[in-house]
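File shown: my_file.pdb (PDB, C-alpha atoms).
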MODEL        1
ATOM      1  CA  MET A  27      32.591 -32.959 -68.922
ATOM      2  CA  LYS A  28      31.008 -35.486 -71.265
ATOM      3  CA  THR A  29      31.317 -38.145 -68.572
ATOM      4  CA  ALA A  30      29.426 -35.916 -66.113
ATOM      5  CA  GLN A  31      26.681 -35.212 -68.640
ATOM      6  CA  LEU A  32      26.342 -38.901 -69.429
ATOM      7  CA  PHE A  33      26.095 -39.752 -65.716
ATOM      8  CA  SER A  34      23.340 -37.145 -65.177
ATOM      9  CA  ALA A  35      21.399 -38.449 -68.158
ATOM     10  CA  LEU A  36      21.558 -41.989 -66.761
ATOM     11  CA  ILE A  37      20.204 -40.841 -63.368
ATOM     12  CA  LEU A  38      17.318 -38.950 -65.027
ATOM     13  CA  SER A  39      16.430 -41.920 -67.212
ATOM     14  CA  SER A  40      16.439 -44.208 -64.188
ATOM     15  CA  ALA A  41      14.137 -41.851 -62.269
ATOM     16  CA  LEU A  42      11.693 -41.605 -65.164
ATOM     17  CA  LEU A  43      11.656 -45.350 -65.558
ATOM     18  CA  THR A  44      11.011 -45.860 -61.846
ATOM     19  CA  THR A  45       8.202 -43.308 -61.885
ATOM     20  CA  ALA A  46       6.589 -44.949 -64.871
ATOM     21  CA  CYS A  47       6.606 -48.303 -63.102
ATOM     22  CA  THR A  48       5.158 -46.928 -59.827
ATOM     23  CA  PRO A  49       1.382 -47.533 -59.500
ATOM     24  CA  LYS A  50      -0.637 -44.287 -59.697
ATOM     25  CA  ASP A  51      -2.821 -43.273 -56.697
ATOM     26  CA  GLU A  52      -6.407 -43.381 -57.891
ATOM     27  CA  ALA A  53      -9.144 -41.153 -56.452
ATOM     28  CA  ILE A  54     -12.025 -42.952 -54.750
ATOM     29  CA  THR A  55     -14.678 -43.184 -57.430
ATOM     30  CA  ASP A  56     -16.989 -45.739 -55.831
ATOM     31  CA  PRO A  57     -20.034 -43.648 -54.725
ATOM     32  CA  ALA A  58     -20.923 -45.873 -51.756
ATOM     33  CA  THR A  59     -17.398 -45.739 -50.322
ATOM     34  CA  ARG A  60     -17.093 -42.002 -50.926
ATOM     35  CA  ASN A  61     -20.474 -41.302 -49.249
ATOM     36  CA  LYS A  62     -19.535 -43.442 -46.259
ATOM     37  CA  ILE A  63     -16.295 -41.495 -45.776
ATOM     38  CA  LEU A  64     -18.149 -38.162 -46.070
ATOM     39  CA  GLU A  65     -20.815 -39.287 -43.567
ATOM     40  CA  GLN A  66     -18.119 -40.279 -41.053
ATOM     41  CA  LYS A  67     -16.382 -36.910 -41.519
ATOM     42  CA  ASN A  68     -19.650 -34.979 -41.089
ATOM     43  CA  ARG A  69     -20.563 -36.985 -37.994
ATOM     44  CA  ARG A  70     -17.205 -36.171 -36.388
ATOM     45  CA  GLN A  71     -17.757 -32.487 -37.171
ATOM     46  CA  GLY A  72     -21.351 -32.491 -35.860
ATOM     47  CA  LYS A  73     -22.878 -32.020 -39.304
ATOM     48  CA  THR A  74     -25.660 -33.641 -41.314
ATOM     49  CA  SER A  75     -25.032 -35.762 -44.412
ATOM     50  CA  ASN A  76     -25.328 -32.650 -46.610
ATOM     51  CA  GLY A  77     -22.743 -30.742 -44.565
ATOM     52  CA  GLN A  78     -25.150 -28.591 -42.497
ATOM     53  CA  LYS A  79     -24.553 -28.179 -38.762
ATOM     54  CA  ARG A  80     -26.507 -30.902 -36.975
ATOM     55  CA  PHE A  81     -29.305 -29.836 -34.628
ATOM     56  CA  GLN A  82     -28.650 -30.795 -31.006
ATOM     57  CA  ILE A  83     -31.051 -30.711 -28.053
ATOM     58  CA  GLY A  84     -29.661 -28.002 -25.776
ATOM     59  CA  PHE A  85     -28.861 -28.049 -22.052
ATOM     60  CA  PHE A  86     -31.359 -25.245 -21.371
ATOM     61  CA  ALA A  87     -34.131 -27.192 -23.127
ATOM     62  CA  ILE A  88     -33.344 -30.240 -21.014
ATOM     63  CA  SER A  89     -33.364 -28.177 -17.817
ATOM     64  CA  SER A  90     -36.880 -26.925 -18.607
ATOM     65  CA  LEU A  91     -37.987 -30.495 -19.341
ATOM     66  CA  LEU A  92     -36.736 -31.582 -15.914
ATOM     67  CA  VAL A  93     -39.000 -28.994 -14.277
ATOM     68  CA  ASP A  94     -41.917 -30.397 -16.303
ATOM     69  CA  LYS A  95     -41.052 -33.887 -15.027
ATOM     70  CA  GLU A  96     -41.238 -32.501 -11.488
ATOM     71  CA  VAL A  97     -44.797 -31.378 -12.242
ATOM     72  CA  GLU A  98     -45.610 -34.730 -13.836
ATOM     73  CA  ALA A  99     -44.470 -36.610 -10.733
ATOM     74  CA  VAL A 100     -46.737 -34.515  -8.494
ATOM     75  CA  GLU A 101     -49.662 -34.859 -10.901
ATOM     76  CA  LEU A 102     -49.407 -38.655 -11.005
ATOM     77  CA  VAL A 103     -49.190 -38.924  -7.206
ATOM     78  CA  ARG A 104     -52.305 -36.789  -6.764
ATOM     79  CA  LEU A 105     -54.168 -38.867  -9.368
ATOM     80  CA  ALA A 106     -53.102 -42.142  -7.737
ATOM     81  CA  LEU A 107     -54.240 -40.895  -4.317
ATOM     82  CA  GLU A 108     -57.514 -39.595  -5.828
ATOM     83  CA  LYS A 109     -56.750 -36.045  -4.721
ATOM     84  CA  ASP A 110     -57.428 -35.230  -8.386
ATOM     85  CA  ASN A 111     -60.272 -37.058 -10.142
ATOM     86  CA  GLY A 112     -58.605 -36.625 -13.532
ATOM     87  CA  THR A 113     -61.569 -35.138 -15.385
ATOM     88  CA  LYS A 114     -59.691 -31.995 -16.399
ATOM     89  CA  SER A 115     -56.587 -33.879 -17.548
ATOM     90  CA  ASN A 116     -58.396 -36.790 -19.265
ATOM     91  CA  ALA A 117     -56.821 -39.212 -16.792
ATOM     92  CA  LYS A 118     -58.628 -42.265 -15.423
ATOM     93  CA  LEU A 119     -58.057 -44.422 -12.351
ATOM     94  CA  THR A 120     -59.688 -47.810 -12.918
ATOM     95  CA  ASP A 121     -59.670 -51.438 -11.707
ATOM     96  CA  LYS A 122     -59.192 -50.384  -8.116
ATOM     97  CA  VAL A 123     -58.804 -53.333  -5.738
ATOM     98  CA  VAL A 124     -58.859 -52.452  -2.032
ATOM     99  CA  LYS A 125     -56.583 -54.516   0.189
ATOM    100  CA  GLU A 126     -55.922 -54.632   3.921
ATOM    101  CA  ASN A 127     -53.169 -52.000   3.898
ATOM    102  CA  GLY A 128     -53.928 -50.105   0.685
ATOM    103  CA  TYR A 129     -55.043 -50.775  -2.881
ATOM    104  CA  THR A 130     -53.937 -51.431  -6.447
ATOM    105  CA  ALA A 131     -55.310 -49.754  -9.569
ATOM    106  CA  LYS A 132     -54.671 -48.860 -13.201
ATOM    107  CA  LEU A 133     -53.970 -45.267 -14.213
ATOM    108  CA  SER A 134     -54.233 -44.172 -17.837
ATOM    109  CA  LEU A 135     -53.673 -40.795 -19.470
ATOM    110  CA  SER A 136     -55.555 -40.031 -22.676
ATOM    111  CA  SER A 137     -53.741 -40.348 -25.987
ATOM    112  CA  GLU A 138     -56.137 -37.892 -27.632
ATOM    113  CA  THR A 139     -54.355 -35.236 -29.690
ATOM    114  CA  LEU A 140     -53.844 -31.966 -27.828
ATOM    115  CA  GLU A 141     -53.269 -28.886 -29.975
ATOM    116  CA  TYR A 142     -51.726 -25.821 -28.360
ATOM    117  CA  VAL A 143     -49.960 -22.582 -29.224
ATOM    118  CA  THR A 144     -46.869 -20.799 -27.882
ATOM    119  CA  ASP A 145     -44.976 -17.870 -29.329
ATOM    120  CA  LYS A 146     -42.869 -20.463 -31.166
ATOM    121  CA  GLY A 147     -45.770 -21.846 -33.191
ATOM    122  CA  THR A 148     -48.667 -24.288 -33.173
ATOM    123  CA  PHE A 149     -48.042 -27.828 -31.916
ATOM    124  CA  LYS A 150     -49.868 -31.120 -31.603
ATOM    125  CA  THR A 151     -48.915 -33.651 -28.942
ATOM    126  CA  ASN A 152     -50.064 -37.202 -28.206
ATOM    127  CA  VAL A 153     -49.585 -39.115 -24.967
ATOM    128  CA  ALA A 154     -49.849 -42.864 -24.442
ATOM    129  CA  LYS A 155     -49.293 -43.748 -20.772
ATOM    130  CA  ASN A 156     -50.753 -46.770 -18.990
ATOM    131  CA  LEU A 157     -49.525 -47.199 -15.438
ATOM    132  CA  ASP A 158     -49.862 -49.574 -12.491
ATOM    133  CA  VAL A 159     -50.594 -48.080  -9.069
ATOM    134  CA  VAL A 160     -49.743 -49.741  -5.768
ATOM    135  CA  VAL A 161     -50.595 -48.030  -2.468
ATOM    136  CA  ALA A 162     -49.354 -50.014   0.520
ATOM    137  CA  GLU A 163     -48.261 -49.159   4.053
ATOM    138  CA  GLY A 164     -48.015 -45.440   3.397
ATOM    139  CA  LYS A 165     -45.987 -45.736   0.187
ATOM    140  CA  VAL A 166     -47.243 -45.046  -3.331
ATOM    141  CA  THR A 167     -45.624 -46.650  -6.391
ATOM    142  CA  ILE A 168     -46.668 -45.763  -9.936
ATOM    143  CA  SER A 169     -44.877 -47.689 -12.673
ATOM    144  CA  GLY A 170     -45.080 -48.436 -16.364
ATOM    145  CA  LYS A 171     -43.226 -49.499 -19.491
ATOM    146  CA  LYS A 172     -43.062 -48.206 -23.042
ATOM    147  CA  LEU A 173     -44.591 -44.804 -22.282
ATOM    148  CA  LYS A 174     -44.668 -42.510 -25.294
ATOM    149  CA  GLN A 175     -45.231 -38.850 -26.024
ATOM    150  CA  SER A 176     -44.877 -37.319 -29.481
ATOM    151  CA  LEU A 177     -45.039 -33.760 -30.758
ATOM    152  CA  ASP A 178     -45.322 -32.224 -34.232
ATOM    153  CA  LYS A 179     -45.144 -28.581 -35.222
ATOM    154  CA  ALA A 180     -47.622 -27.222 -37.742
ATOM    155  CA  ARG A 181     -45.833 -26.492 -41.023
ATOM    156  CA  ALA A 182     -46.365 -24.990 -44.421
ATOM    157  CA  GLU A 183     -46.705 -27.314 -47.395
ATOM    158  CA  ASN A 184     -43.104 -26.804 -48.526
ATOM    159  CA  GLU A 185     -41.569 -27.158 -45.050
ATOM    160  CA  LYS A 186     -39.974 -30.321 -43.753
ATOM    161  CA  LYS A 187     -41.189 -31.960 -40.552
ATOM    162  CA  THR A 188     -40.270 -30.479 -37.153
ATOM    163  CA  TYR A 189     -40.953 -32.801 -34.239
ATOM    164  CA  ALA A 190     -39.930 -34.159 -30.824
ATOM    165  CA  ASN A 191     -40.479 -37.526 -29.136
ATOM    166  CA  LEU A 192     -39.888 -38.995 -25.701
ATOM    167  CA  SER A 193     -40.093 -42.771 -25.248
ATOM    168  CA  GLU A 194     -39.625 -44.151 -21.743
ATOM    169  CA  GLU A 195     -38.996 -47.888 -21.720
ATOM    170  CA  SER A 196     -39.065 -47.937 -17.916
ATOM    171  CA  PHE A 197     -40.801 -45.450 -15.629
ATOM    172  CA  GLU A 198     -41.511 -45.192 -11.908
ATOM    173  CA  VAL A 199     -42.797 -42.565  -9.487
ATOM    174  CA  THR A 200     -42.806 -43.110  -5.719
ATOM    175  CA  LEU A 201     -44.132 -41.207  -2.716
ATOM    176  CA  GLN A 202     -43.149 -41.824   0.891
ATOM    177  CA  ASP A 203     -42.713 -39.892   4.116
ATOM    178  CA  LYS A 204     -39.486 -37.968   4.449
ATOM    179  CA  ALA A 205     -37.362 -39.437   7.200
ATOM    180  CA  GLY A 206     -37.215 -37.212  10.241
ATOM    181  CA  ASP A 207     -39.896 -34.788   9.052
ATOM    182  CA  ASP A 208     -43.562 -35.677   9.569
ATOM    183  CA  SER A 209     -44.715 -32.612   7.652
ATOM    184  CA  ALA A 210     -42.871 -33.446   4.429
ATOM    185  CA  ALA A 211     -42.958 -36.178   1.792
ATOM    186  CA  LEU A 212     -40.376 -37.360  -0.719
ATOM    187  CA  ILE A 213     -41.416 -37.898  -4.338
ATOM    188  CA  THR A 214     -39.064 -39.505  -6.842
ATOM    189  CA  LEU A 215     -39.312 -40.104 -10.578
ATOM    190  CA  THR A 216     -36.942 -42.343 -12.511
ATOM    191  CA  SER A 217     -37.108 -43.318 -16.149
ATOM    192  CA  ALA A 218     -34.934 -44.523 -19.016
ATOM    193  CA  GLY A 219     -35.491 -44.449 -22.750
ATOM    194  CA  THR A 220     -34.837 -42.324 -25.817
ATOM    195  CA  MET A 221     -35.401 -38.680 -26.705
ATOM    196  CA  ASN A 222     -35.202 -37.179 -30.154
ATOM    197  CA  ALA A 223     -36.042 -33.885 -31.828
ATOM    198  CA  ALA A 224     -35.612 -32.360 -35.259
ATOM    199  CA  VAL A 225     -36.014 -28.971 -36.918
ATOM    200  CA  GLU A 226     -37.036 -29.488 -40.552
ATOM    201  CA  GLU A 227     -35.785 -33.084 -40.307
ATOM    202  CA  ASN A 228     -32.340 -31.972 -39.110
ATOM    203  CA  GLY A 229     -32.211 -33.670 -35.739
ATOM    204  CA  SER A 230     -30.564 -35.815 -33.140
ATOM    205  CA  LYS A 231     -31.450 -38.777 -30.938
ATOM    206  CA  GLU A 232     -30.253 -39.482 -27.412
ATOM    207  CA  ASN A 233     -30.462 -42.408 -25.018
ATOM    208  CA  VAL A 234     -31.496 -40.861 -21.711
ATOM    209  CA  LYS A 235     -31.928 -41.567 -18.026
ATOM    210  CA  ILE A 236     -33.973 -39.208 -15.849
ATOM    211  CA  GLN A 237     -33.938 -38.871 -12.060
ATOM    212  CA  VAL A 238     -36.112 -36.384 -10.201
ATOM    213  CA  ALA A 239     -36.278 -36.031  -6.400
ATOM    214  CA  LEU A 240     -38.445 -33.463  -4.665
ATOM    215  CA  VAL A 241     -39.477 -32.752  -1.109
ATOM    216  CA  VAL A 242     -43.036 -31.447  -0.803
ATOM    217  CA  ASP A 243     -45.199 -30.120   1.986
ATOM    218  CA  LYS A 244     -47.380 -33.126   2.769
ATOM    219  CA  GLU A 245     -50.577 -31.237   3.548
ATOM    220  CA  SER A 246     -50.352 -29.213   0.327
ATOM    221  CA  LEU A 247     -50.621 -32.433  -1.702
ATOM    222  CA  ASN A 248     -54.278 -32.519  -0.690
ATOM    223  CA  THR A 249     -54.856 -29.204  -2.496
ATOM    224  CA  GLU A 250     -54.340 -27.830  -5.985
ATOM    225  CA  ASN A 251     -51.566 -25.587  -4.650
ATOM    226  CA  VAL A 252     -48.597 -27.820  -3.937
ATOM    227  CA  LYS A 253     -45.501 -26.479  -2.205
ATOM    228  CA  VAL A 254     -42.227 -27.987  -3.400
ATOM    229  CA  LEU A 255     -39.690 -27.294  -0.675
ATOM    230  CA  SER A 256     -36.690 -28.503  -2.673
ATOM    231  CA  THR A 257     -35.981 -30.327  -5.907
ATOM    232  CA  LYS A 258     -32.942 -31.937  -7.457
ATOM    233  CA  SER A 259     -33.018 -33.492 -10.922
ATOM    234  CA  VAL A 260     -30.644 -34.890 -13.534
ATOM    235  CA  MET A 261     -30.908 -36.120 -17.089
ATOM    236  CA  SER A 262     -28.043 -38.298 -18.264
ATOM    237  CA  LEU A 263     -27.386 -38.573 -21.989
ATOM    238  CA  VAL A 264     -25.950 -42.056 -22.494
ATOM    239  CA  LYS A 265     -23.544 -42.206 -25.429
ATOM    240  CA  ASN A 266     -22.807 -45.293 -27.543
ATOM    241  CA  ASN A 267     -19.409 -45.707 -25.898
ATOM    242  CA  GLY A 268     -21.050 -45.844 -22.456
ATOM    243  CA  ARG A 269     -19.987 -42.313 -21.498
ATOM    244  CA  THR A 270     -22.676 -40.130 -19.928
ATOM    245  CA  LEU A 271     -23.241 -36.401 -20.177
ATOM    246  CA  ASP A 272     -25.319 -34.961 -17.321
ATOM    247  CA  VAL A 273     -27.628 -31.950 -17.109
ATOM    248  CA  LYS A 274     -28.454 -31.167 -13.464
ATOM    249  CA  ILE A 275     -30.773 -28.665 -11.805
ATOM    250  CA  GLU A 276     -31.514 -27.756  -8.177
ATOM    251  CA  GLY A 277     -34.278 -25.519  -6.851
ATOM    252  CA  GLU A 278     -36.219 -24.479  -3.766
ATOM    253  CA  ASN A 279     -39.694 -23.181  -2.904
ATOM    254  CA  HIS A 280     -41.491 -23.907  -6.138
ATOM    255  CA  GLU A 281     -45.210 -23.197  -6.162
ATOM    256  CA  LEU A 282     -47.243 -25.621  -8.268
ATOM    257  CA  SER A 283     -50.803 -24.928  -9.329
ATOM    258  CA  MET A 284     -52.114 -28.407 -10.155
ATOM    259  CA  VAL A 285     -55.102 -28.182 -12.487
ATOM    260  CA  GLY A 286     -55.289 -30.652 -15.357
ATOM    261  CA  LEU A 287     -54.129 -29.164 -18.686
ATOM    262  CA  CYS A 288     -53.477 -25.930 -16.794
ATOM    263  CA  ASN A 289     -50.598 -26.871 -14.489
ATOM    264  CA  GLU A 290     -48.373 -23.930 -13.624
ATOM    265  CA  VAL A 291     -44.978 -23.550 -11.967
ATOM    266  CA  LYS A 292     -43.655 -20.471 -10.209
ATOM    267  CA  GLY A 293     -39.992 -20.599  -9.313
ATOM    268  CA  SER A 294     -36.437 -21.054 -10.518
ATOM    269  CA  ALA A 295     -33.882 -23.843 -10.600
ATOM    270  CA  LYS A 296     -30.145 -23.464 -10.937
ATOM    271  CA  ILE A 297     -28.536 -25.396 -13.771
ATOM    272  CA  THR A 298     -25.622 -26.689 -11.738
ATOM    273  CA  THR A 299     -23.856 -28.199 -14.749
ATOM    274  CA  ASP A 300     -23.850 -24.838 -16.561
ATOM    275  CA  LYS A 301     -20.451 -23.152 -16.292
ATOM    276  CA  LYS A 302     -22.041 -19.790 -15.462
ATOM    277  CA  GLY A 303     -24.645 -21.290 -13.118
ATOM    278  CA  LYS A 304     -27.640 -19.922 -15.013
ATOM    279  CA  PHE A 305     -31.215 -20.387 -13.799
ATOM    280  CA  VAL A 306     -34.230 -21.743 -15.633
ATOM    281  CA  THR A 307     -37.227 -19.709 -14.469
ATOM    282  CA  PHE A 308     -40.988 -20.263 -14.786
ATOM    283  CA  GLN A 309     -42.945 -17.070 -14.189
ATOM    284  CA  ASP A 310     -45.871 -15.107 -15.632
ATOM    285  CA  GLU A 311     -46.681 -17.895 -18.129
ATOM    286  CA  THR A 312     -43.184 -17.849 -19.598
ATOM    287  CA  VAL A 313     -40.114 -20.031 -19.223
ATOM    288  CA  GLU A 314     -36.635 -18.660 -19.817
ATOM    289  CA  VAL A 315     -32.961 -18.865 -18.989
ATOM    290  CA  ALA A 316     -31.788 -15.336 -18.214
ATOM    291  CA  GLY A 317     -28.732 -14.234 -20.165
ATOM    292  CA  SER A 318     -29.538 -16.537 -23.089
ATOM    293  CA  SER A 319     -31.843 -16.729 -26.102
ATOM    294  CA  PHE A 320     -33.854 -19.516 -24.470
ATOM    295  CA  LYS A 321     -37.344 -18.164 -23.845
ATOM    296  CA  SER A 322     -40.885 -19.264 -24.655
ATOM    297  CA  THR A 323     -44.438 -18.592 -23.633
ATOM    298  CA  ILE A 324     -46.513 -21.367 -22.066
ATOM    299  CA  ALA A 325     -49.654 -22.731 -23.709
ATOM    300  CA  THR A 326     -52.985 -21.286 -22.622
ATOM    301  CA  CYS A 327     -54.861 -22.801 -19.691
ATOM    302  CA  GLY A 328     -56.959 -25.790 -20.742
ATOM    303  CA  LYS A 329     -54.584 -26.691 -23.582
ATOM    304  CA  ARG A 330     -51.342 -26.981 -21.641
ATOM    305  CA  PRO A 331     -49.479 -30.305 -21.732
ATOM    306  CA  THR A 332     -47.903 -31.434 -18.470
ATOM    307  CA  VAL A 333     -44.640 -32.087 -20.311
ATOM    308  CA  ASP A 334     -44.078 -29.608 -23.141
ATOM    309  CA  LEU A 335     -41.776 -31.222 -25.705
ATOM    310  CA  SER A 336     -41.848 -28.133 -27.934
ATOM    311  CA  ARG A 337     -39.128 -26.587 -25.797
ATOM    312  CA  LEU A 338     -36.729 -29.334 -26.891
ATOM    313  CA  LEU A 339     -36.673 -27.530 -30.243
ATOM    314  CA  LEU A 340     -35.296 -24.304 -28.709
ATOM    315  CA  LEU A 341     -31.630 -23.385 -28.397
TER     316      LEU A 341
ENDMDL
END

Kindly transcribe the structure held in the file into structure tokens.
Amino acid sequence: MKTAQLFSALILSSALLTTACTPKDEAITDPATRNKILEQKNRRQGKTSNGQKRFQIGFFAISSLLVDKEVEAVELVRLALEKDNGTKSNAKLTDKVVKENGYTAKLSLSSETLEYVTDKGTFKTNVAKNLDVVVAEGKVTISGKKLKQSLDKARAENEKKTYANLSEESFEVTLQDKAGDDSAALITLTSAGTMNAAVEENGSKENVKIQVALVVDKESLNTENVKVLSTKSVMSLVKNNGRTLDVKIEGENHELSMVGLCNEVKGSAKITTDKKGKFVTFQDETVEVAGSSFKSTIATCGKRPTVDLSRLLLL
């Protein structure tokens, strides 16, 4: 019995001695290291540095932006062809040089601040777009680099900044006859750059590529009422690992009223990358995705931006 007790005491003493000699795990006390670990954890969970859920630009917002880019493509073509003199939209076609089979020119859109109101608030937007125009052998090419548009929402003194920006490092719009159809023309818009938006400084930034292709009634391009027979557009969000996430829309029979700072769309486009196949619809001076919370009024005529970045702030 004593032998057994002595043996147990020896084992316990050995365990205590081993424990005493084992280095103790220390908590991370270095603030910089701890903050870095927390930031990585929050980023993986889609949260901000203070643990709040990070704001993300939504698929429905992007789909509405793609319709605006459709309108922008038509507007630029009409300006380049002098079907629109640009006085209402503060656009100018200058340095025109006539050549044997066409002409070249410079096209600029005013960077003056435009203030407008929707049911989501009061916004100010600035545009800085200087473009080169080449018209040759029946084809129109409008191109530029480092095009910028910014937007800020009016805020109370104690509110943090809410904003949206679109920077296009490369940009091109083309017009040419549609093969096999003398009555129709094909307009394309391609661009690449960055897009970011934030609600009270809680925001996100995306590298983006945009492709818009629309078939229009050729004769209607000569008027302010342009008929878009079909449209197909995609915005690709390019992630840091090279992976892309696409938002695609397709539509038919859009009616465009092309009046500078009063452009209007009537029609719908199916969001083909939405699991339920929802539609983004422009009608009666509103834009919405039925069956969702995404809905906004459109700015009043005369103060309506061609591309409304305020909708990037909606979910």

* For the structure shown, which residues end up in the PyMOL selection byres ((chain A and resi 324-331) around 12)? Put them as a PyMOL selection string, please? => chain A and resi 90-91+94-95+97-98+101+113-116+135-153+175-177+283-291+308-314+321-323+332-337

* Given the file above and the PyMOL selection byres ((chain A and resi 341) around 9), which residues are selected, and can you give them as a ChimeraX atom specification? -> /A:82-87,318-321,337-340

* Between A:Lys174, A:His280, A:Lys253, A:Lys274, which is the closest to A:Lys301 once you count only C-alpha atoms? -> A:Lys274

Going by the chain IDs and residue numbers used in this file, which residues fall under the PyMOL selection byres ((chain A and resi 196-210) around 10)? Write them as a PDB file with C-alpha atoms, in the frame of the given file.
ATOM      1  CA  GLU A  98     -45.610 -34.730 -13.836  1.00  0.00           C
ATOM      2  CA  ALA A  99     -44.470 -36.610 -10.733  1.00  0.00           C
ATOM      3  CA  VAL A 100     -46.737 -34.515  -8.494  1.00  0.00           C
ATOM      4  CA  LEU A 102     -49.407 -38.655 -11.005  1.00  0.00           C
ATOM      5  CA  VAL A 103     -49.190 -38.924  -7.206  1.00  0.00           C
ATOM      6  CA  LEU A 157     -49.525 -47.199 -15.438  1.00  0.00           C
ATOM      7  CA  ASP A 158     -49.862 -49.574 -12.491  1.00  0.00           C
ATOM      8  CA  VAL A 159     -50.594 -48.080  -9.069  1.00  0.00           C
ATOM      9  CA  VAL A 160     -49.743 -49.741  -5.768  1.00  0.00           C
ATOM     10  CA  VAL A 161     -50.595 -48.030  -2.468  1.00  0.00           C
ATOM     11  CA  GLU A 163     -48.261 -49.159   4.053  1.00  0.00           C
ATOM     12  CA  GLY A 164     -48.015 -45.440   3.397  1.00  0.00           C
ATOM     13  CA  LYS A 165     -45.987 -45.736   0.187  1.00  0.00           C
ATOM     14  CA  VAL A 166     -47.243 -45.046  -3.331  1.00  0.00           C
ATOM     15  CA  THR A 167     -45.624 -46.650  -6.391  1.00  0.00           C
ATOM     16  CA  ILE A 168     -46.668 -45.763  -9.936  1.00  0.00           C
ATOM     17  CA  SER A 169     -44.877 -47.689 -12.673  1.00  0.00           C
ATOM     18  CA  GLY A 170     -45.080 -48.436 -16.364  1.00  0.00           C
ATOM     19  CA  LYS A 171     -43.226 -49.499 -19.491  1.00  0.00           C
ATOM     20  CA  LYS A 172     -43.062 -48.206 -23.042  1.00  0.00           C
ATOM     21  CA  LEU A 173     -44.591 -44.804 -22.282  1.00  0.00           C
ATOM     22  CA  SER A 193     -40.093 -42.771 -25.248  1.00  0.00           C
ATOM     23  CA  GLU A 194     -39.625 -44.151 -21.743  1.00  0.00           C
ATOM     24  CA  GLU A 195     -38.996 -47.888 -21.720  1.00  0.00           C
ATOM     25  CA  ALA A 211     -42.958 -36.178   1.792  1.00  0.00           C
ATOM     26  CA  LEU A 212     -40.376 -37.360  -0.719  1.00  0.00           C
ATOM     27  CA  ILE A 213     -41.416 -37.898  -4.338  1.00  0.00           C
ATOM     28  CA  THR A 214     -39.064 -39.505  -6.842  1.00  0.00           C
ATOM     29  CA  LEU A 215     -39.312 -40.104 -10.578  1.00  0.00           C
ATOM     30  CA  THR A 216     -36.942 -42.343 -12.511  1.00  0.00           C
ATOM     31  CA  SER A 217     -37.108 -43.318 -16.149  1.00  0.00           C
ATOM     32  CA  ALA A 218     -34.934 -44.523 -19.016  1.00  0.00           C
ATOM     33  CA  GLY A 219     -35.491 -44.449 -22.750  1.00  0.00           C
ATOM     34  CA  LYS A 235     -31.928 -41.567 -18.026  1.00  0.00           C
ATOM     35  CA  ILE A 236     -33.973 -39.208 -15.849  1.00  0.00           C
ATOM     36  CA  GLN A 237     -33.938 -38.871 -12.060  1.00  0.00           C
ATOM     37  CA  VAL A 238     -36.112 -36.384 -10.201  1.00  0.00           C
ATOM     38  CA  ALA A 239     -36.278 -36.031  -6.400  1.00  0.00           C
ATOM     39  CA  LEU A 240     -38.445 -33.463  -4.665  1.00  0.00           C
ATOM     40  CA  VAL A 241     -39.477 -32.752  -1.109  1.00  0.00           C
ATOM     41  CA  VAL A 242     -43.036 -31.447  -0.803  1.00  0.00           C
ATOM     42  CA  ASP A 243     -45.199 -30.120   1.986  1.00  0.00           C
ATOM     43  CA  LYS A 244     -47.380 -33.126   2.769  1.00  0.00           C
ATOM     44  CA  GLU A 245     -50.577 -31.237   3.548  1.00  0.00           C
ATOM     45  CA  SER A 246     -50.352 -29.213   0.327  1.00  0.00           C
ATOM     46  CA  LEU A 247     -50.621 -32.433  -1.702  1.00  0.00           C
ATOM     47  CA  LYS A 253     -45.501 -26.479  -2.205  1.00  0.00           C
ATOM     48  CA  VAL A 254     -42.227 -27.987  -3.400  1.00  0.00           C
ATOM     49  CA  LEU A 255     -39.690 -27.294  -0.675  1.00  0.00           C
TER      50      LEU A 255
END

* Exercise: A:Val225 partners within 9 Å, only C-alpha atoms, chain neighbours under 4 positions left out, as a ChimeraX atom specification -> /A:81,186-190,229,339

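Residue nearest A:Lys231 within the list A:Ala131, A:Ile275, A:Ala316, A:Val264: A:Val264 [criterion: smallest interatomic distance, all atoms listed in the file].
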
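Taking atom CA of A:Glu96 and atom CA of A:Asn111 as endpoints, the distance between them is 19.6 Å.
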
Coordinates of box centre and edge lengths for stretch 239-250 of chain A, 4 Å on every side, axis-aligned, as lines of an AutoDock Vina configuration file:
center_x = -45.6
center_y = -31.9
center_z = -1.4
size_x = 26.6
size_y = 16.2
size_z = 17.9

* Structure fact -> Of A:Ile88, A:Gly277, A:Leu107, A:Ser134, the one sitting nearest A:Met221 when using all atoms listed in the file is A:Ile88

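Compared by their closest atoms to A:Gly303, and using all atoms listed in the file, the residues A:Asp121, A:Thr220, A:Glu281, A:Glu276 rank with A:Glu276 nearest.
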
* In Å to one decimal, how far is atom CA of A:Lys155 from atom CA of A:Lys125? -> 24.7 Å

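Between atom CA of A:Asn266 and atom CA of A:Val93 there is a distance of 26.5 Å.
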
* Residue among A:Val234, A:Thr249, A:Leu133, A:Ser89 lying closest to A:Thr298, counting all atoms listed in the file -> A:Ser89

* Have a look at A:Val306, A:Lys79, A:Thr257, A:Asn184 and name the one nearest to A:Asn279; count all atoms listed in the file. => A:Thr257

With a distance cut-off of 8 Å and only C-alpha atoms, select the neighbouring residues of A:Phe305, excluding the residue or stretch itself and same-chain residues fewer than 3 positions from it, and output the selection as an mmCIF file with C-alpha atoms, keeping the file's coordinate frame.
data_model
loop_
_atom_site.group_PDB
_atom_site.id
_atom_site.type_symbol
_atom_site.label_atom_id
_atom_site.label_comp_id
_atom_site.auth_asym_id
_atom_site.auth_seq_id
_atom_site.Cartn_x
_atom_site.Cartn_y
_atom_site.Cartn_z
ATOM 1 C CA SER A 294 -36.437 -21.054 -10.518
ATOM 2 C CA ALA A 295 -33.882 -23.843 -10.600
ATOM 3 C CA LYS A 296 -30.145 -23.464 -10.937
ATOM 4 C CA ILE A 297 -28.536 -25.396 -13.771
ATOM 5 C CA VAL A 315 -32.961 -18.865 -18.989
ATOM 6 C CA ALA A 316 -31.788 -15.336 -18.214
#
